[in-house]
$ cat final32.tsv   # TSV, C-alpha atoms
chain	number	residue	atom	x	y	z
A	286	MET	CA	39.64	87.14	-128.20
A	287	ASN	CA	36.85	87.18	-130.76
A	288	THR	CA	37.21	85.44	-134.09
A	289	THR	CA	34.94	86.02	-137.09
A	290	ILE	CA	34.34	82.79	-138.98
A	291	SER	CA	32.47	82.93	-142.28
A	292	ARG	CA	32.64	79.33	-143.50
A	293	THR	CA	29.55	77.22	-142.81
A	294	ALA	CA	29.73	74.28	-145.25
A	295	GLU	CA	31.53	71.03	-144.46
A	296	THR	CA	34.54	70.44	-146.67
A	297	VAL	CA	36.94	67.56	-147.18
A	298	THR	CA	40.40	68.91	-146.52
A	299	GLN	CA	43.90	67.52	-146.94
A	300	ILE	CA	46.20	67.72	-143.92
A	301	PRO	CA	49.94	67.43	-144.61
A	302	VAL	CA	51.94	65.14	-142.31
A	303	ARG	CA	55.51	63.91	-142.44
A	304	ASP	CA	54.70	60.84	-144.52
A	305	GLY	CA	51.94	62.08	-146.78
A	306	MET	CA	48.46	63.59	-146.62
A	307	LEU	CA	45.52	62.85	-144.34
A	308	ALA	CA	41.90	63.40	-145.33
A	309	GLY	CA	39.57	65.16	-142.92
A	310	ASP	CA	36.00	66.46	-142.80
A	311	LEU	CA	36.13	70.08	-141.65
A	312	HIS	CA	33.11	72.14	-140.62
A	313	ILE	CA	33.34	75.72	-139.34
A	314	PRO	CA	30.07	77.39	-138.36
A	315	VAL	CA	29.63	81.14	-138.04
A	316	GLY	CA	30.67	82.26	-134.56
A	317	ALA	CA	32.43	79.00	-133.67
A	318	LYS	CA	33.33	78.88	-129.96
A	319	GLY	CA	36.26	76.53	-130.54
A	320	ILE	CA	37.22	73.50	-132.62
A	321	VAL	CA	36.88	69.82	-131.71
A	322	ILE	CA	39.07	67.16	-133.35
A	323	PHE	CA	37.54	63.68	-133.39
A	324	VAL	CA	39.62	60.51	-133.03
A	325	HIS	CA	37.92	57.22	-133.93
A	326	GLY	CA	38.69	53.86	-132.37
A	327	SER	CA	40.62	50.96	-133.87
A	328	GLY	CA	39.17	49.47	-137.03
A	329	SER	CA	36.93	52.48	-137.66
A	330	GLY	CA	37.38	55.35	-140.13
A	331	ARG	CA	36.40	58.97	-140.13
A	332	GLN	CA	33.02	57.95	-141.54
A	333	SER	CA	32.15	56.18	-138.27
A	334	PRO	CA	28.40	56.87	-137.92
A	335	ARG	CA	28.67	57.44	-134.16
A	336	ASN	CA	31.48	60.00	-134.40
A	337	GLN	CA	29.77	61.65	-137.36
A	338	LEU	CA	26.53	61.99	-135.38
A	339	VAL	CA	28.30	63.51	-132.38
A	340	ALA	CA	30.35	65.80	-134.64
A	341	LYS	CA	27.21	67.02	-136.38
A	342	ALA	CA	25.53	67.84	-133.06
A	343	VAL	CA	28.61	69.51	-131.57
A	344	GLY	CA	29.08	71.38	-134.86
A	345	ALA	CA	26.13	73.64	-134.11
A	346	ASP	CA	28.39	75.74	-131.87
A	347	PHE	CA	31.91	74.48	-132.56
A	348	ALA	CA	34.08	73.91	-135.58
A	349	THR	CA	34.72	70.18	-136.03
A	350	LEU	CA	37.45	68.21	-137.75
A	351	VAL	CA	37.03	64.46	-138.26
A	352	PRO	CA	40.33	63.23	-139.74
A	353	ASP	CA	41.72	59.88	-140.74
A	354	LEU	CA	45.04	59.39	-138.98
A	355	LEU	CA	46.32	57.03	-141.68
A	356	THR	CA	47.20	57.93	-145.25
A	357	GLU	CA	45.42	56.10	-148.06
A	358	ALA	CA	48.41	53.78	-148.54
A	359	GLU	CA	48.60	53.08	-144.81
A	360	GLU	CA	44.89	52.27	-144.68
A	361	GLN	CA	45.39	49.69	-147.42
A	362	GLU	CA	48.30	48.20	-145.50
A	363	ASP	CA	46.30	48.17	-142.28
A	364	GLU	CA	43.43	46.33	-143.94
A	365	LEU	CA	45.87	43.45	-144.50
A	366	THR	CA	47.83	43.53	-141.25
A	367	GLY	CA	45.64	45.36	-138.71
A	368	ALA	CA	48.85	46.59	-137.08
A	369	LEU	CA	48.64	50.37	-137.41
A	370	ARG	CA	45.18	50.70	-135.89
A	371	PHE	CA	46.58	49.49	-132.56
A	372	ASP	CA	49.82	51.49	-132.68
A	373	THR	CA	48.79	54.23	-130.25
A	374	GLY	CA	52.25	55.83	-130.30
A	375	PHE	CA	52.16	56.24	-134.07
A	376	LEU	CA	48.57	57.47	-134.05
A	377	THR	CA	49.36	59.95	-131.29
A	378	SER	CA	52.16	61.44	-133.40
A	379	ARG	CA	49.69	61.80	-136.27
A	380	LEU	CA	47.11	63.48	-134.05
A	381	ILE	CA	49.77	65.91	-132.83
A	382	ASP	CA	50.51	66.74	-136.49
A	383	VAL	CA	46.80	67.45	-136.97
A	384	ILE	CA	46.70	69.64	-133.85
A	385	HIS	CA	49.67	71.64	-135.14
A	386	TRP	CA	47.95	72.05	-138.51
A	387	VAL	CA	44.74	73.32	-136.88
A	388	ALA	CA	46.71	75.73	-134.70
A	389	ALA	CA	48.41	77.18	-137.80
A	390	GLN	CA	45.45	77.67	-140.15
A	391	PRO	CA	44.10	81.23	-140.50
A	392	GLU	CA	40.51	80.10	-140.02
A	393	THR	CA	41.14	78.03	-136.88
A	394	ARG	CA	44.33	79.24	-135.21
A	395	GLU	CA	42.48	81.53	-132.79
A	396	LEU	CA	40.00	78.86	-131.71
A	397	GLY	CA	40.44	76.84	-128.54
A	398	ILE	CA	41.19	73.21	-129.43
A	399	GLY	CA	39.45	70.18	-127.90
A	400	VAL	CA	39.72	66.48	-128.71
A	401	PHE	CA	37.02	63.80	-128.63
A	402	GLY	CA	38.22	60.21	-128.62
A	403	ALA	CA	36.25	56.96	-128.87
A	404	GLY	CA	37.47	53.52	-127.81
A	405	THR	CA	41.21	53.18	-128.28
A	406	GLY	CA	41.07	56.60	-129.95
A	407	ALA	CA	40.50	58.05	-126.49
A	408	ALA	CA	43.95	56.81	-125.43
A	409	VAL	CA	45.41	58.62	-128.45
A	410	ALA	CA	43.44	61.78	-127.64
A	411	ILE	CA	44.50	61.78	-123.97
A	412	THR	CA	48.17	61.22	-124.77
A	413	ALA	CA	48.21	63.96	-127.40
A	414	ALA	CA	46.43	66.35	-125.02
A	415	ALA	CA	49.03	65.68	-122.32
A	416	MET	CA	51.87	66.27	-124.77
A	417	GLU	CA	50.31	69.37	-126.33
A	418	ALA	CA	49.32	71.28	-123.19
A	419	PRO	CA	48.16	74.00	-123.05
A	420	THR	CA	47.22	74.00	-126.76
A	421	VAL	CA	44.58	71.31	-126.16
A	422	ARG	CA	42.10	72.83	-123.74
A	423	ALA	CA	39.60	69.99	-123.21
A	424	VAL	CA	39.17	66.25	-123.74
A	425	VAL	CA	36.07	64.04	-124.03
A	426	SER	CA	36.32	60.25	-124.07
A	427	ARG	CA	33.43	57.99	-125.16
A	428	SER	CA	33.70	54.30	-124.22
A	429	GLY	CA	37.39	55.07	-124.00
A	430	ARG	CA	40.44	53.11	-122.91
A	431	PRO	CA	42.33	55.60	-120.73
A	432	ASP	CA	43.96	52.61	-119.03
A	433	LEU	CA	46.15	52.22	-122.14
A	434	VAL	CA	48.05	55.47	-121.55
A	435	GLY	CA	49.77	54.44	-118.31
A	436	ARG	CA	51.68	57.19	-116.52
A	437	VAL	CA	50.46	59.82	-118.99
A	438	LEU	CA	47.23	60.05	-117.00
A	439	ALA	CA	49.05	61.79	-114.16
A	440	LEU	CA	50.52	64.31	-116.63
A	441	LEU	CA	47.20	65.24	-118.24
A	442	SER	CA	46.24	68.81	-117.40
A	443	ALA	CA	43.36	69.51	-119.81
A	444	PRO	CA	39.86	69.22	-118.30
A	445	THR	CA	38.70	65.70	-119.18
A	446	LEU	CA	35.25	64.12	-119.36
A	447	LEU	CA	34.94	60.33	-119.41
A	448	ILE	CA	31.59	59.07	-120.76
A	449	VAL	CA	30.81	55.37	-120.34
A	450	GLY	CA	27.69	53.25	-120.73
A	451	GLY	CA	26.25	51.89	-117.51
A	452	ASP	CA	26.01	48.40	-119.02
A	453	ASP	CA	29.55	48.50	-120.45
A	454	VAL	CA	30.79	46.80	-117.29
A	455	GLN	CA	34.43	46.09	-118.13
A	456	VAL	CA	35.15	49.47	-119.74
A	457	LEU	CA	33.35	51.23	-116.89
A	458	ALA	CA	35.65	49.54	-114.37
A	459	LEU	CA	38.71	50.59	-116.40
A	460	ASN	CA	37.48	54.18	-116.55
A	461	ARG	CA	36.79	54.32	-112.82
A	462	ASP	CA	40.33	53.18	-112.14
A	463	ALA	CA	41.77	55.70	-114.61
A	464	TYR	CA	39.61	58.46	-113.14
A	465	SER	CA	41.09	57.83	-109.70
A	466	ARG	CA	44.59	58.39	-111.11
A	467	MET	CA	43.85	61.59	-113.03
A	468	ARG	CA	44.95	64.88	-111.47
A	469	CYS	CA	43.25	67.29	-113.89
A	470	ASP	CA	39.80	68.85	-113.77
A	471	LYS	CA	37.74	65.75	-114.47
A	472	ARG	CA	34.31	64.14	-114.57
A	473	LEU	CA	33.09	60.58	-115.06
A	474	THR	CA	29.58	60.43	-116.56
A	475	VAL	CA	27.76	57.10	-116.70
A	476	VAL	CA	24.87	56.86	-119.17
A	477	PRO	CA	22.27	54.42	-117.70
A	478	GLY	CA	21.32	51.46	-119.88
A	479	ALA	CA	23.99	52.12	-122.51
A	480	THR	CA	26.35	49.45	-123.82
A	481	HIS	CA	29.75	49.97	-125.44
A	482	LEU	CA	28.53	51.37	-128.77
A	483	PHE	CA	25.65	53.42	-127.32
A	484	GLU	CA	23.19	51.76	-129.69
A	485	GLU	CA	20.24	51.97	-127.30
A	486	PRO	CA	17.61	54.66	-128.04
A	487	GLY	CA	18.59	58.07	-126.73
A	488	THR	CA	21.99	57.03	-125.36
A	489	LEU	CA	24.17	58.52	-128.10
A	490	GLU	CA	22.14	61.71	-127.90
A	491	ALA	CA	23.06	61.80	-124.20
A	492	VAL	CA	26.73	61.58	-125.20
A	493	THR	CA	26.36	64.59	-127.48
A	494	ARG	CA	24.69	66.64	-124.75
A	495	HIS	CA	27.39	65.89	-122.19
A	496	ALA	CA	30.19	66.48	-124.70
A	497	ALA	CA	28.74	69.78	-125.93
A	498	GLU	CA	28.32	71.02	-122.38
A	499	TRP	CA	31.91	70.10	-121.49
A	500	PHE	CA	33.36	71.81	-124.54
A	501	ASN	CA	31.13	74.83	-124.00
A	502	ASP	CA	32.52	75.16	-120.48
A	503	HIS	CA	36.18	74.71	-121.39
A	504	LEU	CA	36.94	75.60	-125.02
A	505	PRO	CA	36.02	79.28	-125.48
A	506	LEU	CA	39.12	81.43	-125.08
A	507	GLU	CA	37.09	84.05	-123.23
A	508	THR	CA	35.81	82.74	-119.91
A	509	SER	CA	32.29	83.86	-119.21
A	510	PRO	CA	31.43	85.09	-115.65
A	511	GLY	CA	28.82	82.38	-115.26
A	512	LYS	CA	31.05	79.44	-116.13
A	513	ARG	CA	30.56	76.58	-113.69
A	514	ALA	CA	33.52	75.11	-111.86
A	515	ARG	CA	34.15	71.40	-112.30
A	516	ALA	CA	35.47	69.05	-109.66
$ encode --input "final32.tsv" --output "C-alpha cells"
Amino acid sequence: MNTTISRTAETVTQIPVRDGMLAGDLHIPVGAKGIVIFVHGSGSGRQSPRNQLVAKAVGADFATLVPDLLTEAEEQEDELTGALRFDTGFLTSRLIDVIHWVAAQPETRELGIGVFGAGTGAAVAITAAAMEAPTVRAVVSRSGRPDLVGRVLALLSAPTLLIVGGDDVQVLALNRDAYSRMRCDKRLTVVPGATHLFEEPGTLEAVTRHAAEWFNDHLPLETSPGKRARA
C-alpha cells in the first residue's frame, strides 16, 4: 500500500485525549515509510535532547511524533508531586490514545506504526505495543526498563529491539533477563563503551543507526523481497 505524503515541515500538534489535550512535535517527510512515536523516560519532556536527536535522524525516512503524555495541568502537578511520571499504567493509557489518534489521521493512518521508548518510557512503549497488536508493528527500547512490565513481555508480539550501553551494567543485566522472557522477534544490541545516557562520543549516533535499521526492516507495510529475517 503506497501513501503519498506531502508535508515536510515539523509542526506542533494538539492530540485530544479523554482528559484534555497533549502537545506533540509531528514531522512527516515526503515518502515516509512509516511513523515512529517517541516515549521519553520519567522526569523528561518531549524536548529531551536525546530523543529529539534520534527523532531527527529517524525522520529522514519515517514520520515522527514526539508527544508529551501529560497535559499542561498534569505537568504542573507532576512538578510538585513527581507521581504521574512513574505511573506506567496511566502513561500507557495515554500512549494508546496517541496511537489511536495517529491511526485515525488522514496523513498517517496508512503508515505502519512503531514506538521508541527510553528509560521507563520503554516499559510504557512495550505495554502499549502488546495491547495494541497488530497496530504497533515494531518497538525500539533505549536504556529501557522492560523488567517493569512483568508478564506483558510474554504477550508482546511486535518485533522488538533492546539497545543498551555496554557500561550501563545494571540496566544491561535487566535487559538480558527480559530478553530471555520475550517470545517475539527480538534483538539485544549492546553499544560498547556507552553509559546509561549515551553521552560518550558516537554512542547516540549508534543508537540512531540501529533504530533506523530496525524500523526500516519492520515498519513498511509492503515487505520488500530482500528484507532480512531477525532471530
$ closest_residue --input "final32.tsv" --among "A:Leu311, A:Met306, A:Ala439, A:Ala458" --to "A:Leu355" --atoms "all atoms listed in the file"
A:Met306
$ residues_around --input "final32.tsv" --residues "A:Asp346" --least-positions-apart "6" --cutoff "12 Å" --atoms "only C-alpha atoms" --output "NGL selection string"
:A and (290 or 293 or 312-321 or 340 or 496-498 or 500-501 or 504-505)
$ atom_distance --input "final32.tsv" --atom1 "atom CA of A:Val421" --atom2 "atom CA of A:Gly399"
5.5 Å
$ closest_atom_pairs --input "final32.tsv" --of "stretch 303-400 of chain A" --to "stretch 464-488 of chain A" --cutoff "12 Å" --atoms "only C-alpha atoms" --output "CSV"
residue,atom,partner,partner_atom,distance
A:Gly326,CA,A:Leu482,CA,11.1
A:Ser333,CA,A:Leu482,CA,11.2
A:Pro334,CA,A:Leu482,CA,10.7
A:Arg335,CA,A:Leu482,CA,8.1
A:Asn336,CA,A:Leu482,CA,10.7
A:Leu338,CA,A:Phe483,CA,11.8
A:Val339,CA,A:Thr488,CA,11.4
$ closest_residue --input "final32.tsv" --among "A:Val343, A:Ala358, A:Leu446, A:Ile381" --to "A:Gly305" --atoms "only C-alpha atoms"
A:Ala358
$ closest_residue --input "final32.tsv" --among "A:Ala418, A:Leu459, A:Ala443, A:Leu369" --to "A:Gly404" --atoms "only C-alpha atoms"
A:Leu459
$ residues_around --input "final32.tsv" --residues "A:Ala414" --least-positions-apart "2" --cutoff "9 Å" --atoms "only C-alpha atoms" --output "CSV table (one decimal) with C-alpha atoms, in the frame of the given file"
chain,number,residue,atom,x,y,z
A,381,ILE,CA,49.8,65.9,-132.8
A,399,GLY,CA,39.4,70.2,-127.9
A,400,VAL,CA,39.7,66.5,-128.7
A,409,VAL,CA,45.4,58.6,-128.4
A,410,ALA,CA,43.4,61.8,-127.6
A,411,ILE,CA,44.5,61.8,-124.0
A,412,THR,CA,48.2,61.2,-124.8
A,416,MET,CA,51.9,66.3,-124.8
A,417,GLU,CA,50.3,69.4,-126.3
A,418,ALA,CA,49.3,71.3,-123.2
A,419,PRO,CA,48.2,74.0,-123.0
A,420,THR,CA,47.2,74.0,-126.8
A,421,VAL,CA,44.6,71.3,-126.2
A,422,ARG,CA,42.1,72.8,-123.7
A,423,ALA,CA,39.6,70.0,-123.2
A,424,VAL,CA,39.2,66.2,-123.7
A,441,LEU,CA,47.2,65.2,-118.2
A,442,SER,CA,46.2,68.8,-117.4
A,443,ALA,CA,43.4,69.5,-119.8
$ atom_distance --input "final32.tsv" --atom1 "atom CA of A:Ser426" --atom2 "atom CA of A:Arg394"
23.4 Å
$ axis_aligned_box --input "final32.tsv" --around "stretch 396-400 of chain A" --padding-each-side "8 Å" --output "lines of an AutoDock Vina configuration file"
center_x = 40.3
center_y = 72.7
center_z = -129.8
size_x = 17.7
size_y = 28.4
size_z = 19.8
$ atom_distance --input "final32.tsv" --atom1 "atom CA of A:Leu506" --atom2 "atom CA of A:Gly397"
5.9 Å
$ closest_residue --input "final32.tsv" --among "A:Leu365, A:Ile398, A:Ala491, A:Leu376" --to "A:Ile322" --atoms "only C-alpha atoms"
A:Ile398
$ closest_residue --input "final32.tsv" --among "A:Gly309, A:Gly406, A:Val437, A:Val449" --to "A:Glu357" --atoms "only C-alpha atoms"
A:Gly309
$ closest_residue --input "final32.tsv" --among "A:Leu396, A:Leu438, A:Ala389, A:Leu307" --to "A:Thr356" --atoms "all atoms listed in the file"
A:Leu307
$ residues_near_point --input "final32.tsv" --point "(47.7, 51.5, -114.6)" --cutoff "9 Å" --atoms "all atoms listed in the file" --output "ChimeraX atom specification"
/A:432-436,438,462-463,466
